[in-house]
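Enquirer: This one is final.txt, compact mmCIF, C-alpha atoms and all ligand atoms.
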# COMPACT_ATOMS: atom_id res chain seq x y z
CA MET S 1 19.85 -6.35 18.67
CA ASN S 2 16.68 -5.52 16.88
CA SER S 3 16.39 -4.07 13.45
CA GLU S 4 16.80 -0.40 14.24
CA ILE S 5 17.29 0.80 10.75
CA ASP S 6 17.09 4.55 10.53
CA GLU S 7 16.30 5.53 7.02
CA HIS S 8 18.10 8.78 7.05
CA GLU S 9 19.52 10.33 3.96
CA PRO S 10 19.84 7.35 1.66
CA LEU S 11 21.88 7.63 -1.47
CA HIS S 12 20.20 7.85 -4.83
CA ASP S 13 21.38 5.75 -7.73
CA CYS S 14 23.24 8.78 -9.06
CA GLY S 15 25.23 9.02 -5.82
CA THR S 16 23.49 12.12 -4.56
CA LEU S 17 22.32 12.31 -0.99
CA MET S 18 18.57 12.23 -1.13
CA MET S 19 16.44 14.87 0.48
CA TRP S 20 13.29 14.36 2.45
CA VAL S 21 10.34 15.89 0.66
CA ASP S 22 7.34 16.75 2.74
CA CYS S 23 4.13 15.60 1.17
CA TYR S 24 2.21 18.46 -0.40
CA ASN S 25 -1.09 16.72 0.08
CA CYS S 26 -1.30 16.21 3.79
CA GLU S 27 -0.22 17.05 7.27
CA GLU S 28 1.32 14.36 9.41
CA GLY S 29 0.26 11.76 6.87
CA TYR S 30 -3.41 12.64 6.97
CA SER S 31 -4.93 14.52 4.09
CA TYR S 32 -8.36 15.42 5.33
CA HIS S 33 -11.09 14.83 7.83
CA ASP S 34 -13.83 12.32 7.30
CA CYS S 35 -16.06 11.14 10.08
CA GLY S 36 -18.44 9.28 7.83
CA GLU S 37 -21.09 11.96 7.94
CA ASP S 38 -22.20 13.83 4.86
CA THR S 39 -22.32 17.01 6.84
CA CYS S 40 -19.55 17.06 9.35
CA CYS S 41 -20.50 18.69 12.59
CA CYS S 42 -17.36 18.03 14.51
CA LEU S 43 -16.35 20.98 16.62
CA ASP S 44 -12.69 20.42 16.02
CA PRO S 45 -12.34 18.30 12.89
CA GLU S 46 -9.01 16.55 12.90
CA ASN S 47 -7.57 15.02 9.80
CA ASN S 48 -8.11 11.30 10.09
CA VAL S 49 -7.92 10.03 6.52
CA ARG S 50 -4.59 8.67 5.55
CA CYS S 51 -3.01 10.43 2.64
CA ASP S 52 -3.09 8.65 -0.71
CA ILE S 53 -0.01 10.39 -2.01
CA CYS S 54 2.48 9.41 0.64
CA ARG S 55 0.40 6.62 2.16
CA GLY S 56 0.67 8.17 5.56
CA ALA S 57 4.42 8.47 5.47
CA THR S 58 4.21 12.31 5.53
CA GLY S 59 6.63 12.49 2.62
CA TRP S 60 9.26 10.66 0.69
CA TRP S 61 12.90 10.63 -0.20
CA GLY S 62 13.69 12.42 -3.40
CA CYS S 63 16.81 13.09 -5.39
CA PRO S 64 17.49 16.84 -5.51
CA LYS S 65 18.80 16.40 -9.03
CA VAL S 66 15.61 14.81 -10.24
CA SER S 67 13.01 16.94 -8.48
CA SER S 68 14.17 20.33 -9.67
CA ARG S 69 11.04 22.36 -9.10
ZN ZN K 101 19.70 11.08 -8.32
ZN ZN K 102 -16.39 15.33 11.32
ZN ZN K 103 0.74 12.80 2.17
Can the structure from this file be put into C-alpha cells for me?

Expert:
Amino acid sequence: MNSEIDEHEPLHDCGTLMMWVDCYNCEEGYSYHDCGEDTCCCLDPENNVRCDICRGATGWWGCPKVSSR
C-alpha cells in the first residue's frame, strides 16, 4: 500500500467543503512562454514557465464562504 492520498474536497476549518479554484494566472500550471530569447520566434509558443501564483498546481482549494467574489 503506497500513499495514494487523493486530495479531493477537503474540509475547511469552518466545516465547509472546500471548492477547487482554478488559477486565474495560468493554464495547466504554466503562466506564459519563455524560451530565453528576447524576441521569441517560436512558431507555436507553448507556455513553459511555471506559474508563480499557484506554483504549477493549476489552482488551489478555497473555502466558498471566504472567497465570495
Ligand atoms: Zn471556511
Ligand atoms: Zn519562444
Ligand atoms: Zn497558476

Enquirer: Show me which residues are within 7 Å of ligand ZN 101 (chain K) counting all atoms listed in the file, and format the list as an NGL selection string.

Expert: :S and (12-16 or 63-66)

Enquirer: As an MDAnalysis selection string, please: every protein or nucleic acid residue near ligand ZN 102 (chain K) (cut-off 8 Å, counting only C-alpha atoms and all ligand atoms).

Expert: chainID S and resid 33:37 39:46

Enquirer: Can you pull out every residue within 7 Å of Trp20 (chain S), counting all atoms listed in the file, but drop anything in the same chain fewer than 3 positions away, and send it as JSON, numbers by chain?

Expert: {"S": [59, 60, 61, 62]}

Enquirer: Taking all atoms listed in the file into account, list the residues no farther than 8 Å from ligand ZN 103 (chain K), as JSON, numbers by chain.

Expert: {"S": [22, 23, 24, 25, 26, 27, 28, 29, 30, 31, 50, 51, 52, 53, 54, 55, 56, 57, 58, 59]}
